[in-house]
Structures are given as structure tokens and as C-alpha cells.
Amino acid sequence: MKGTTDGTAGIGRQAVRACLLVLAVACACPVAAQGPQPDPAAADPVARGAYILHAAGCASCHTARGEGAAPLAGGTALTTAFGTFYSPNITPDPEHGIGRWTEEEFARALRQGISPEGYAYYPAFPYTSYTGMTDRDVADLWAYLRTVPPAAQENRPHELGLPSRWRSLLPVWRWLYFEEGATLVDAGRPPSWNRGAYLVGTLAHCGECHTPRGLLGGPDHDRLLAGNPEAPEGRGSVPNITPDPEDGIGDWSDDDLIFFLELGMLPDGDFAGGSMARVIEETTSRLTPEDRAAIVEFLRSVPAVGGIRG
Ligand code: HEC
Ligand code: HEC
């Protein structure tokens, strides 16, 4: 157990972290430039919705990178093995966004992956995880989205190879892999564990990247969070985050994990790169300390899977 058995190394690391934290703030690193954390228990639906938006990482895909990009107006390229997807505009613009949608249509898109016109969405939109969202979270997220400035930005068509281009084949994929339904609650576990399960499995959809996939891109539920040799987006691989001490993160202390989720720093002092940097910036750094701790509690409890390094 790094950092817990060796007290001196632990203190040394704390000191290094404190310095890096100061540096990160001084150079206004994107990770440190987080806004205030709205309280997930807030009564105001719009404030709660803003928190859900971050916890679910919607802006990671729906807000283009670079200065001047209109929030949630889409256009982000998601490069996958099946081709390049472009996220659509989800601002309330009636022409180019979802301004004419009803709340029911929004809930159906998010939890069932079906458009108002009745066609199926590609699972590049992680409705496969969002299916477990609670009614209240969907309603508050919708309330927040109504307050976003409408952007008159046209959607860009996806550039997909055959046969992925055939949206009509999606029902087959869905039949094989998509399980609709609420996040299971384990009454034998504490609320904090259940909150962690909801954050990891549903809102923050960690498994979309960290769970290995089969041939047709369906998740391998027997190896939950065991890493993915091929990152779903872009290049590289995604590490194993099960408690396996060799291939996973079993030798990280709870503090290591909390620190990583807050600031993106690995136990060896390196910083997270690739798509994880965006997850930290958009999602985990903006969560309340209680929610980050709940994620760690849940991650500690998943079965350790060795053999995959990701
Ligand atoms: C990993 C990237 C990703 C994330 C995260 C993501 N989306 Fe999307 N979303 C997409 C893509 C890609 C599509 C287009 C799917 C298609 O064309 O079949 C999409 C489609 C949609 C649509 C349908 C829009 C339309 O015009 O039909 C809505 C609504 C939507 N997303 C809302 C959300 C919300 C709300 C969140 C957060 C809870 C979210 N998305 C998170 C990638 C993402
Ligand atoms: C969009 C894809 C994506 C999502 C979603 C995602 N991750 Fe990651 N994660 C990565 C990638 C890629 C890396 C490797 C980063 C690197 O190479 O620096 C990584 C690295 C990590 C690591 C470091 C592991 C190690 O051994 O270095 C941890 C811990 C982690 N992620 C936890 C999480 C948790 C918890 C969530 C959900 C809150 C999550 N990730 C969501 C892609 C993702």
C-alpha cells in the first residue's frame, strides 16, 4: 500500500503535492480553473442541474474546445474505431439545437437512446450509462439546459465507415448490449457506496472508457473497469482501475485516488493525460469532496481483475 505503510514517503509526497498545487494555481492550469461547486442537495433545480451536467460530463463532448466555442453547441469530433462522430448542438436554439423538444423527449433520448423522430442513437452518446439516471436528475438537468444561451450552430454530419453508417443496424446492437433501467440500489450497503455506484456507473460513466469491449463494441460486464487496450476515443489505451494490485490501482491509497480525481496528479507525480484530463477538468474536480469519496469507496469494492493493463 503506497503512502499508507511508509509514513515518511507519505509526508514527502504530501509536501510535493502541496508545492504542485501552488504551481498549478499560479500557472492557472485548466485543472485548477474550476468554478464553485454547486451543492448536489441544493433545492434550486437549475443549480442542481448544473451540477448534474458536470457530473455527467455533457460538456466534455457537447462543448467544442478552443476559445469562442459556444457552450453545448456541439461540433466536437469523437474519433472512434467506427469513424468520427460530431456531437450535436444541445442548446435551446429552436432550429439547430433542442429548443423545440419536450422534457419527455429529452428523457427518452438520455435514458433510452431514442430520438424524438424515433430513430436510435449511436452509443457514442453514452445513454447506455445515462439510462440509470433518476427522474429528478433528468428533470433538473433539463431545467438547467433551458437556461443555456441558444446557439445558432448547425450540426455536422458524422463521418462513419460502413456498416456503422447504417443507423438502421443499431437495433441489433441495442438488442445485444443495451440494458435499459434504473441504477440498482444495494440496500445492504451504505448510502455513500450507492452514491459512488451511481456516479461511477451512471453519471460519470467511467465504464464507457475503462471497461473492456467486445468485437461489436459492447461492454464486457464481467470485467468491469478492468481497462481497455483500445481507448474508445482517439488513440492509446485506458488503464485498469479495479483493485488488482498488479494491473489495477490496488496499490494506490485512498488519498492517492482522491488527489488524482481532484487535481489529475498520479502517485508518481505525473499528470493524467488524454481523455482523462478532460474528465478531471470537467467532472471529477468539480464534484463535492463527498462525491469524490463516494467514487473511491465504490471503486475499492469492485472485483479485482488482473491480466489487463490497458
Ligand atoms: C462521450 C461523448 C458524449 C457525452 C459525454 C454526452 N453526449 Fe450527448 N451525444 C453525443 C453524440 C456523439 C451524439 C449523437 C448521437 C447520434 O447521432 O446517434 C449525442 C446526442 C445527444 C442528444 C441528441 C441530440 C439530437 O439533436 O438528436 C442529446 C439531447 C444529448 N446528446 C444530450 C447529452 C447530455 C444531456 C449529456 C450529459 C448528460 C450528454 N449528451 C453527454 C456524445 C456525447
Ligand atoms: C473518456 C474516457 C474516460 C472516462 C469517461 C474516464 N476515464 Fe479514467 N482514464 C482514461 C484514460 C485514457 C486514462 C489514462 C490517462 C493517461 O494516460 O494519462 C485514465 C486514467 C485513469 C486513472 C489512472 C489509472 C492509472 O493506473 O494510471 C484513474 C484512477 C481513472 N482514470 C479513474 C476514472 C474514474 C473514477 C472515472 C469516472 C469518474 C474515469 N476514470 C472516467 C479515460 C477515461
# chains A, B, ... in the order shown; residues from 1 in each chain; ligands from 1
$ residues_near_ligand --ligand "ligand 1" --cutoff "7 Å" --atoms "only C-alpha atoms and all ligand atoms" --output "VMD selection string"
chain A and resid 53 56 to 62 78 85 to 90 97 to 98 106 109 to 110 115 120 to 126 130 141
$ write_last_selection --atoms "C-alpha atoms" --output "PDB file, in the first residue's frame"
ATOM      1  CA  LEU A  53     -24.227  18.470 -16.177  1.00  0.00           C
ATOM      2  CA  ALA A  56     -22.271  13.561 -16.282  1.00  0.00           C
ATOM      3  CA  GLY A  57     -19.575  15.221 -18.393  1.00  0.00           C
ATOM      4  CA  CYS A  58     -22.053  16.508 -21.007  1.00  0.00           C
ATOM      5  CA  ALA A  59     -19.842  19.496 -21.857  1.00  0.00           C
ATOM      6  CA  SER A  60     -16.814  17.228 -22.425  1.00  0.00           C
ATOM      7  CA  CYS A  61     -18.484  16.157 -25.641  1.00  0.00           C
ATOM      8  CA  HIS A  62     -21.013  18.867 -26.420  1.00  0.00           C
ATOM      9  CA  LEU A  78     -15.095  11.966 -31.355  1.00  0.00           C
ATOM     10  CA  PHE A  85     -18.813  11.337 -34.631  1.00  0.00           C
ATOM     11  CA  TYR A  86     -19.639  15.028 -34.226  1.00  0.00           C
ATOM     12  CA  SER A  87     -21.576  15.918 -31.116  1.00  0.00           C
ATOM     13  CA  PRO A  88     -24.839  17.774 -31.833  1.00  0.00           C
ATOM     14  CA  ASN A  89     -25.990  21.165 -30.581  1.00  0.00           C
ATOM     15  CA  ILE A  90     -27.961  20.752 -27.324  1.00  0.00           C
ATOM     16  CA  GLY A  97     -30.457  22.790 -31.023  1.00  0.00           C
ATOM     17  CA  ILE A  98     -33.127  21.087 -28.930  1.00  0.00           C
ATOM     18  CA  PHE A 106     -35.196  14.687 -23.659  1.00  0.00           C
ATOM     19  CA  ALA A 109     -33.045  10.426 -25.620  1.00  0.00           C
ATOM     20  CA  LEU A 110     -30.996  10.286 -22.434  1.00  0.00           C
ATOM     21  CA  SER A 115     -34.630  10.482 -30.839  1.00  0.00           C
ATOM     22  CA  ALA A 120     -31.832   5.069 -32.356  1.00  0.00           C
ATOM     23  CA  TYR A 121     -28.737   6.999 -31.311  1.00  0.00           C
ATOM     24  CA  TYR A 122     -25.235   5.654 -31.724  1.00  0.00           C
ATOM     25  CA  PRO A 123     -23.766   4.572 -28.404  1.00  0.00           C
ATOM     26  CA  ALA A 124     -21.015   7.200 -28.885  1.00  0.00           C
ATOM     27  CA  PHE A 125     -23.655   9.136 -26.893  1.00  0.00           C
ATOM     28  CA  PRO A 126     -23.355   7.241 -23.580  1.00  0.00           C
ATOM     29  CA  TYR A 130     -27.335   7.521 -18.525  1.00  0.00           C
ATOM     30  CA  LEU A 141     -30.606  18.741 -15.984  1.00  0.00           C
TER      31      LEU A 141
END
$ residues_near_ligand --ligand "ligand 2" --cutoff "8 Å" --atoms "only C-alpha atoms and all ligand atoms" --output "mmCIF file with all heavy atoms, in the first residue's frame"
data_model
loop_
_atom_site.group_PDB
_atom_site.id
_atom_site.type_symbol
_atom_site.label_atom_id
_atom_site.label_comp_id
_atom_site.auth_asym_id
_atom_site.auth_seq_id
_atom_site.Cartn_x
_atom_site.Cartn_y
_atom_site.Cartn_z
ATOM 1 N N LEU A 199 -22.530 7.370 -9.368
ATOM 2 C CA LEU A 199 -21.608 8.286 -10.031
ATOM 3 C C LEU A 199 -20.733 7.543 -11.041
ATOM 4 O O LEU A 199 -20.590 7.960 -12.183
ATOM 5 C CB LEU A 199 -20.723 8.992 -8.990
ATOM 6 C CG LEU A 199 -21.416 10.110 -8.207
ATOM 7 C CD1 LEU A 199 -20.629 10.453 -6.951
ATOM 8 C CD2 LEU A 199 -21.595 11.352 -9.080
ATOM 9 N N VAL A 200 -20.152 6.425 -10.624
ATOM 10 C CA VAL A 200 -19.219 5.696 -11.498
ATOM 11 C C VAL A 200 -19.955 5.046 -12.673
ATOM 12 O O VAL A 200 -19.530 5.148 -13.823
ATOM 13 C CB VAL A 200 -18.442 4.618 -10.686
ATOM 14 C CG1 VAL A 200 -17.671 3.678 -11.603
ATOM 15 C CG2 VAL A 200 -17.501 5.284 -9.692
ATOM 16 N N ALA A 204 -21.080 9.680 -14.208
ATOM 17 C CA ALA A 204 -19.736 9.969 -14.738
ATOM 18 C C ALA A 204 -19.282 8.905 -15.744
ATOM 19 O O ALA A 204 -18.209 9.023 -16.316
ATOM 20 C CB ALA A 204 -18.735 10.106 -13.599
ATOM 21 N N HIS A 205 -20.095 7.904 -15.944
ATOM 22 C CA HIS A 205 -19.902 6.841 -16.950
ATOM 23 C C HIS A 205 -18.443 6.400 -17.118
ATOM 24 O O HIS A 205 -17.955 6.248 -18.232
ATOM 25 C CB HIS A 205 -20.528 7.254 -18.298
ATOM 26 C CG HIS A 205 -19.997 8.521 -18.932
ATOM 27 N ND1 HIS A 205 -20.428 9.778 -18.603
ATOM 28 C CD2 HIS A 205 -19.057 8.708 -19.885
ATOM 29 C CE1 HIS A 205 -19.789 10.678 -19.321
ATOM 30 N NE2 HIS A 205 -18.939 10.040 -20.112
ATOM 31 N N CYS A 206 -17.773 6.139 -15.996
ATOM 32 C CA CYS A 206 -16.354 5.737 -16.039
ATOM 33 C C CYS A 206 -16.159 4.478 -16.892
ATOM 34 O O CYS A 206 -15.150 4.315 -17.574
ATOM 35 C CB CYS A 206 -15.822 5.477 -14.637
ATOM 36 S SG CYS A 206 -16.253 6.726 -13.410
ATOM 37 N N GLY A 207 -17.137 3.568 -16.833
ATOM 38 C CA GLY A 207 -17.009 2.294 -17.540
ATOM 39 C C GLY A 207 -17.034 2.437 -19.053
ATOM 40 O O GLY A 207 -16.525 1.565 -19.758
ATOM 41 N N GLU A 208 -17.592 3.528 -19.563
ATOM 42 C CA GLU A 208 -17.636 3.700 -21.012
ATOM 43 C C GLU A 208 -16.218 3.663 -21.589
ATOM 44 O O GLU A 208 -16.005 3.237 -22.715
ATOM 45 C CB GLU A 208 -18.319 5.016 -21.400
ATOM 46 C CG GLU A 208 -19.783 5.094 -21.019
ATOM 47 C CD GLU A 208 -20.711 4.329 -21.971
ATOM 48 O OE1 GLU A 208 -20.279 3.953 -23.072
ATOM 49 O OE2 GLU A 208 -21.871 4.106 -21.586
ATOM 50 N N CYS A 209 -15.260 4.134 -20.812
ATOM 51 C CA CYS A 209 -13.863 4.097 -21.270
ATOM 52 C C CYS A 209 -13.073 2.987 -20.587
ATOM 53 O O CYS A 209 -12.225 2.354 -21.211
ATOM 54 C CB CYS A 209 -13.172 5.424 -20.987
ATOM 55 S SG CYS A 209 -13.868 6.815 -21.887
ATOM 56 N N HIS A 210 -13.337 2.738 -19.291
ATOM 57 C CA HIS A 210 -12.473 1.826 -18.531
ATOM 58 C C HIS A 210 -12.892 0.355 -18.589
ATOM 59 O O HIS A 210 -12.146 -0.498 -18.112
ATOM 60 C CB HIS A 210 -12.393 2.276 -17.066
ATOM 61 C CG HIS A 210 -11.502 3.472 -16.858
ATOM 62 N ND1 HIS A 210 -10.125 3.353 -16.762
ATOM 63 C CD2 HIS A 210 -11.768 4.788 -16.763
ATOM 64 C CE1 HIS A 210 -9.598 4.554 -16.589
ATOM 65 N NE2 HIS A 210 -10.573 5.453 -16.592
ATOM 66 N N ALA A 231 -8.569 2.732 -26.499
ATOM 67 C CA ALA A 231 -9.420 3.812 -25.992
ATOM 68 C C ALA A 231 -10.568 4.035 -26.965
ATOM 69 O O ALA A 231 -10.358 4.046 -28.169
ATOM 70 C CB ALA A 231 -8.596 5.089 -25.844
ATOM 71 N N PRO A 232 -11.802 4.184 -26.440
ATOM 72 C CA PRO A 232 -12.936 4.368 -27.343
ATOM 73 C C PRO A 232 -12.806 5.634 -28.177
ATOM 74 O O PRO A 232 -13.273 5.704 -29.297
ATOM 75 C CB PRO A 232 -14.145 4.449 -26.406
ATOM 76 C CG PRO A 232 -13.603 4.721 -25.059
ATOM 77 C CD PRO A 232 -12.211 4.203 -25.040
ATOM 78 N N GLU A 233 -12.190 6.636 -27.593
ATOM 79 C CA GLU A 233 -11.995 7.873 -28.339
ATOM 80 C C GLU A 233 -10.508 8.042 -28.570
ATOM 81 O O GLU A 233 -9.732 8.017 -27.643
ATOM 82 C CB GLU A 233 -12.384 9.081 -27.493
ATOM 83 C CG GLU A 233 -13.831 9.275 -27.292
ATOM 84 C CD GLU A 233 -14.044 10.350 -26.230
ATOM 85 O OE1 GLU A 233 -13.278 11.322 -26.204
ATOM 86 O OE2 GLU A 233 -14.955 10.168 -25.425
ATOM 87 N N GLY A 236 -4.432 5.225 -28.079
ATOM 88 C CA GLY A 236 -3.943 4.750 -26.798
ATOM 89 C C GLY A 236 -4.879 3.791 -26.101
ATOM 90 O O GLY A 236 -5.839 3.286 -26.675
ATOM 91 N N SER A 237 -4.564 3.539 -24.833
ATOM 92 C CA SER A 237 -5.330 2.567 -24.078
ATOM 93 C C SER A 237 -5.837 3.233 -22.802
ATOM 94 O O SER A 237 -5.410 4.327 -22.450
ATOM 95 C CB SER A 237 -4.435 1.385 -23.740
ATOM 96 O OG SER A 237 -3.343 1.839 -22.986
ATOM 97 N N VAL A 238 -6.749 2.536 -22.119
ATOM 98 C CA VAL A 238 -7.328 3.067 -20.892
ATOM 99 C C VAL A 238 -6.971 2.108 -19.764
ATOM 100 O O VAL A 238 -7.183 0.898 -19.886
ATOM 101 C CB VAL A 238 -8.866 3.195 -21.018
ATOM 102 C CG1 VAL A 238 -9.437 3.938 -19.824
ATOM 103 C CG2 VAL A 238 -9.240 3.922 -22.304
ATOM 104 N N PRO A 239 -6.377 2.597 -18.664
ATOM 105 C CA PRO A 239 -5.891 1.686 -17.623
ATOM 106 C C PRO A 239 -6.995 0.960 -16.844
ATOM 107 O O PRO A 239 -8.139 1.388 -16.803
ATOM 108 C CB PRO A 239 -5.085 2.594 -16.700
ATOM 109 C CG PRO A 239 -5.443 3.981 -17.037
ATOM 110 C CD PRO A 239 -6.041 4.004 -18.401
ATOM 111 N N ASN A 240 -6.557 -0.144 -16.250
ATOM 112 C CA ASN A 240 -7.372 -0.973 -15.362
ATOM 113 C C ASN A 240 -7.516 -0.211 -14.041
ATOM 114 O O ASN A 240 -6.518 0.165 -13.420
ATOM 115 C CB ASN A 240 -6.574 -2.284 -15.180
ATOM 116 C CG ASN A 240 -7.251 -3.309 -14.306
ATOM 117 O OD1 ASN A 240 -8.042 -2.983 -13.434
ATOM 118 N ND2 ASN A 240 -6.909 -4.561 -14.528
ATOM 119 N N ILE A 241 -8.754 0.040 -13.608
ATOM 120 C CA ILE A 241 -8.928 0.748 -12.316
ATOM 121 C C ILE A 241 -9.650 -0.126 -11.285
ATOM 122 O O ILE A 241 -10.286 0.373 -10.369
ATOM 123 C CB ILE A 241 -9.600 2.138 -12.476
ATOM 124 C CG1 ILE A 241 -10.947 2.062 -13.195
ATOM 125 C CG2 ILE A 241 -8.681 3.107 -13.189
ATOM 126 C CD1 ILE A 241 -11.764 3.365 -13.117
ATOM 127 N N ASP A 247 -2.149 -5.031 -11.930
ATOM 128 C CA ASP A 247 -2.603 -4.375 -13.157
ATOM 129 C C ASP A 247 -3.555 -3.225 -12.905
ATOM 130 O O ASP A 247 -3.760 -2.379 -13.775
ATOM 131 C CB ASP A 247 -3.280 -5.408 -14.071
ATOM 132 C CG ASP A 247 -2.323 -6.528 -14.445
ATOM 133 O OD1 ASP A 247 -1.134 -6.224 -14.651
ATOM 134 O OD2 ASP A 247 -2.748 -7.689 -14.514
ATOM 135 N N GLY A 248 -4.167 -3.208 -11.734
ATOM 136 C CA GLY A 248 -5.125 -2.151 -11.426
ATOM 137 C C GLY A 248 -4.531 -1.100 -10.503
ATOM 138 O O GLY A 248 -3.328 -0.823 -10.549
ATOM 139 N N ILE A 249 -5.397 -0.547 -9.629
ATOM 140 C CA ILE A 249 -4.946 0.529 -8.744
ATOM 141 C C ILE A 249 -5.020 0.108 -7.280
ATOM 142 O O ILE A 249 -5.176 0.938 -6.387
ATOM 143 C CB ILE A 249 -5.746 1.837 -8.994
ATOM 144 C CG1 ILE A 249 -7.266 1.593 -8.920
ATOM 145 C CG2 ILE A 249 -5.391 2.436 -10.339
ATOM 146 C CD1 ILE A 249 -8.091 2.859 -8.934
ATOM 147 N N LEU A 257 -6.032 8.367 -4.698
ATOM 148 C CA LEU A 257 -7.158 8.383 -5.631
ATOM 149 C C LEU A 257 -7.924 9.699 -5.573
ATOM 150 O O LEU A 257 -8.249 10.298 -6.601
ATOM 151 C CB LEU A 257 -8.116 7.243 -5.297
ATOM 152 C CG LEU A 257 -8.015 6.018 -6.202
ATOM 153 C CD1 LEU A 257 -8.857 4.889 -5.646
ATOM 154 C CD2 LEU A 257 -8.471 6.363 -7.612
ATOM 155 N N PHE A 260 -5.937 12.346 -7.202
ATOM 156 C CA PHE A 260 -5.968 12.184 -8.659
ATOM 157 C C PHE A 260 -7.275 12.732 -9.234
ATOM 158 O O PHE A 260 -7.277 13.472 -10.212
ATOM 159 C CB PHE A 260 -5.811 10.696 -9.002
ATOM 160 C CG PHE A 260 -5.895 10.423 -10.474
ATOM 161 C CD1 PHE A 260 -4.814 10.685 -11.306
ATOM 162 C CD2 PHE A 260 -7.049 9.905 -11.028
ATOM 163 C CE1 PHE A 260 -4.893 10.447 -12.671
ATOM 164 C CE2 PHE A 260 -7.135 9.649 -12.395
ATOM 165 C CZ PHE A 260 -6.054 9.927 -13.219
ATOM 166 N N LEU A 261 -8.386 12.371 -8.602
ATOM 167 C CA LEU A 261 -9.685 12.799 -9.125
ATOM 168 C C LEU A 261 -9.883 14.303 -8.981
ATOM 169 O O LEU A 261 -10.595 14.933 -9.753
ATOM 170 C CB LEU A 261 -10.824 12.046 -8.421
ATOM 171 C CG LEU A 261 -10.842 10.529 -8.657
ATOM 172 C CD1 LEU A 261 -11.926 9.876 -7.812
ATOM 173 C CD2 LEU A 261 -11.040 10.198 -10.135
ATOM 174 N N LEU A 266 -0.944 11.829 -10.600
ATOM 175 C CA LEU A 266 -0.732 10.409 -10.299
ATOM 176 C C LEU A 266 0.199 10.276 -9.102
ATOM 177 O O LEU A 266 0.938 11.209 -8.786
ATOM 178 C CB LEU A 266 -0.118 9.721 -11.521
ATOM 179 C CG LEU A 266 -1.055 9.597 -12.722
ATOM 180 C CD1 LEU A 266 -0.288 9.674 -14.023
ATOM 181 C CD2 LEU A 266 -1.841 8.306 -12.628
ATOM 182 N N PHE A 271 1.068 13.811 -14.425
ATOM 183 C CA PHE A 271 -0.331 14.232 -14.533
ATOM 184 C C PHE A 271 -1.077 13.395 -15.558
ATOM 185 O O PHE A 271 -0.478 12.929 -16.531
ATOM 186 C CB PHE A 271 -0.420 15.721 -14.909
ATOM 187 C CG PHE A 271 -0.262 16.623 -13.724
ATOM 188 C CD1 PHE A 271 0.997 17.070 -13.349
ATOM 189 C CD2 PHE A 271 -1.352 16.989 -12.961
ATOM 190 C CE1 PHE A 271 1.161 17.881 -12.245
ATOM 191 C CE2 PHE A 271 -1.205 17.794 -11.848
ATOM 192 C CZ PHE A 271 0.050 18.245 -11.488
ATOM 193 N N ALA A 272 -2.361 13.225 -15.337
ATOM 194 C CA ALA A 272 -3.182 12.453 -16.271
ATOM 195 C C ALA A 272 -3.198 13.150 -17.624
ATOM 196 O O ALA A 272 -3.208 14.371 -17.698
ATOM 197 C CB ALA A 272 -4.609 12.341 -15.755
ATOM 198 N N GLY A 273 -3.195 12.321 -18.658
ATOM 199 C CA GLY A 273 -3.261 12.890 -19.997
ATOM 200 C C GLY A 273 -4.479 12.368 -20.719
ATOM 201 O O GLY A 273 -5.379 11.777 -20.111
ATOM 202 N N GLY A 274 -4.509 12.575 -22.010
ATOM 203 C CA GLY A 274 -5.556 12.043 -22.871
ATOM 204 C C GLY A 274 -6.944 12.471 -22.428
ATOM 205 O O GLY A 274 -7.141 13.539 -21.848
ATOM 206 N N SER A 275 -7.895 11.587 -22.669
ATOM 207 C CA SER A 275 -9.279 11.960 -22.375
ATOM 208 C C SER A 275 -9.527 12.057 -20.876
ATOM 209 O O SER A 275 -10.468 12.702 -20.441
ATOM 210 C CB SER A 275 -10.241 10.957 -23.013
ATOM 211 O OG SER A 275 -9.819 9.645 -22.775
ATOM 212 N N MET A 276 -8.668 11.433 -20.049
ATOM 213 C CA MET A 276 -8.868 11.504 -18.599
ATOM 214 C C MET A 276 -8.659 12.934 -18.089
ATOM 215 O O MET A 276 -9.304 13.354 -17.132
ATOM 216 C CB MET A 276 -7.930 10.524 -17.885
ATOM 217 C CG MET A 276 -8.257 10.333 -16.420
ATOM 218 S SD MET A 276 -9.904 9.608 -16.169
ATOM 219 C CE MET A 276 -10.271 10.185 -14.520
ATOM 220 N N ALA A 277 -7.756 13.680 -18.732
ATOM 221 C CA ALA A 277 -7.523 15.063 -18.307
ATOM 222 C C ALA A 277 -8.829 15.851 -18.425
ATOM 223 O O ALA A 277 -9.169 16.659 -17.557
ATOM 224 C CB ALA A 277 -6.429 15.694 -19.156
ATOM 225 N N ARG A 278 -9.578 15.592 -19.490
ATOM 226 C CA ARG A 278 -10.864 16.285 -19.694
ATOM 227 C C ARG A 278 -11.895 15.830 -18.656
ATOM 228 O O ARG A 278 -12.682 16.642 -18.173
ATOM 229 C CB ARG A 278 -11.355 15.975 -21.123
ATOM 230 C CG ARG A 278 -12.471 16.874 -21.621
ATOM 231 C CD ARG A 278 -11.955 18.019 -22.477
ATOM 232 N NE ARG A 278 -12.832 19.188 -22.453
ATOM 233 C CZ ARG A 278 -13.653 19.538 -23.431
ATOM 234 N NH1 ARG A 278 -13.715 18.823 -24.524
ATOM 235 N NH2 ARG A 278 -14.397 20.619 -23.329
ATOM 236 N N VAL A 279 -11.855 14.520 -18.329
ATOM 237 C CA VAL A 279 -12.803 14.008 -17.319
ATOM 238 C C VAL A 279 -12.529 14.699 -15.973
ATOM 239 O O VAL A 279 -13.458 15.090 -15.268
ATOM 240 C CB VAL A 279 -12.674 12.464 -17.173
ATOM 241 C CG1 VAL A 279 -13.483 11.955 -15.990
ATOM 242 C CG2 VAL A 279 -13.107 11.763 -18.461
ATOM 243 N N ILE A 280 -11.259 14.877 -15.657
ATOM 244 C CA ILE A 280 -10.910 15.515 -14.382
ATOM 245 C C ILE A 280 -11.312 16.985 -14.402
ATOM 246 O O ILE A 280 -11.928 17.489 -13.472
ATOM 247 C CB ILE A 280 -9.413 15.312 -14.073
ATOM 248 C CG1 ILE A 280 -9.181 13.827 -13.757
ATOM 249 C CG2 ILE A 280 -8.957 16.196 -12.913
ATOM 250 C CD1 ILE A 280 -7.769 13.372 -13.855
ATOM 251 N N THR A 283 -15.354 17.006 -14.862
ATOM 252 C CA THR A 283 -16.198 16.252 -13.943
ATOM 253 C C THR A 283 -15.616 16.114 -12.537
ATOM 254 O O THR A 283 -16.092 16.756 -11.597
ATOM 255 C CB THR A 283 -16.513 14.865 -14.533
ATOM 256 O OG1 THR A 283 -17.220 15.034 -15.746
ATOM 257 C CG2 THR A 283 -17.350 14.021 -13.582
ATOM 258 N N THR A 284 -14.596 15.281 -12.386
ATOM 259 C CA THR A 284 -14.246 14.877 -11.015
ATOM 260 C C THR A 284 -13.700 16.034 -10.165
ATOM 261 O O THR A 284 -13.908 16.045 -8.958
ATOM 262 C CB THR A 284 -13.275 13.681 -10.998
ATOM 263 O OG1 THR A 284 -12.093 14.018 -11.716
ATOM 264 C CG2 THR A 284 -13.911 12.447 -11.615
ATOM 265 N N ILE A 295 -16.992 7.906 -4.885
ATOM 266 C CA ILE A 295 -16.423 7.227 -6.059
ATOM 267 C C ILE A 295 -15.324 6.273 -5.603
ATOM 268 O O ILE A 295 -15.261 5.117 -6.020
ATOM 269 C CB ILE A 295 -15.860 8.257 -7.071
ATOM 270 C CG1 ILE A 295 -17.003 8.998 -7.756
ATOM 271 C CG2 ILE A 295 -14.955 7.590 -8.099
ATOM 272 C CD1 ILE A 295 -16.574 10.051 -8.768
ATOM 273 N N VAL A 296 -14.464 6.764 -4.709
ATOM 274 C CA VAL A 296 -13.352 5.934 -4.231
ATOM 275 C C VAL A 296 -13.894 4.721 -3.467
ATOM 276 O O VAL A 296 -13.442 3.587 -3.678
ATOM 277 C CB VAL A 296 -12.385 6.775 -3.362
ATOM 278 C CG1 VAL A 296 -11.344 5.893 -2.696
ATOM 279 C CG2 VAL A 296 -11.719 7.850 -4.222
ATOM 280 N N LEU A 299 -15.098 2.247 -6.039
ATOM 281 C CA LEU A 299 -14.009 1.635 -6.823
ATOM 282 C C LEU A 299 -13.286 0.560 -6.025
ATOM 283 O O LEU A 299 -12.855 -0.453 -6.569
ATOM 284 C CB LEU A 299 -12.989 2.690 -7.272
ATOM 285 C CG LEU A 299 -13.416 3.661 -8.371
ATOM 286 C CD1 LEU A 299 -12.280 4.623 -8.686
ATOM 287 C CD2 LEU A 299 -13.842 2.913 -9.633
#
$ select_by_dssp --residues "segment 19-211 of chain A" --states "helix (DSSP H, G or I)" --output "PyMOL selection string"
chain A and resi 19-26+30-32+45-55+58-62+103-112+127-130+135-145+167-177+191-203+207-210
$ closest_residue --among "A:Pro191, A:Gly196, A:Thr128, A:Met133" --to "Leu287 of chain A" --atoms "only C-alpha atoms"
A:Gly196
$ closest_residue --among "A:Leu162, A:Ala50, A:Val138, A:Ala294" --to "Pro190 of chain A" --atoms "only C-alpha atoms"
A:Ala294
$ residues_around --residues "Phe82 of chain A" --least-positions-apart "6" --cutoff "10 Å" --atoms "only C-alpha atoms" --output "PyMOL selection string"
chain A and resi 124+159-165+216-217+232
$ closest_residue --among "A:Pro157, A:Gly118, A:Gly66, A:Gly201" --to "Pro171 of chain A" --atoms "only C-alpha atoms"
A:Gly118
$ atom_distance --atom1 "atom CA of Pro94 of chain A" --atom2 "atom CA of Gln153 of chain A"
10.8 Å
$ closest_residue --among "A:Pro243, A:Gly269, A:Pro40, A:Pro229" --to "Val302 of chain A" --atoms "only C-alpha atoms"
A:Pro243
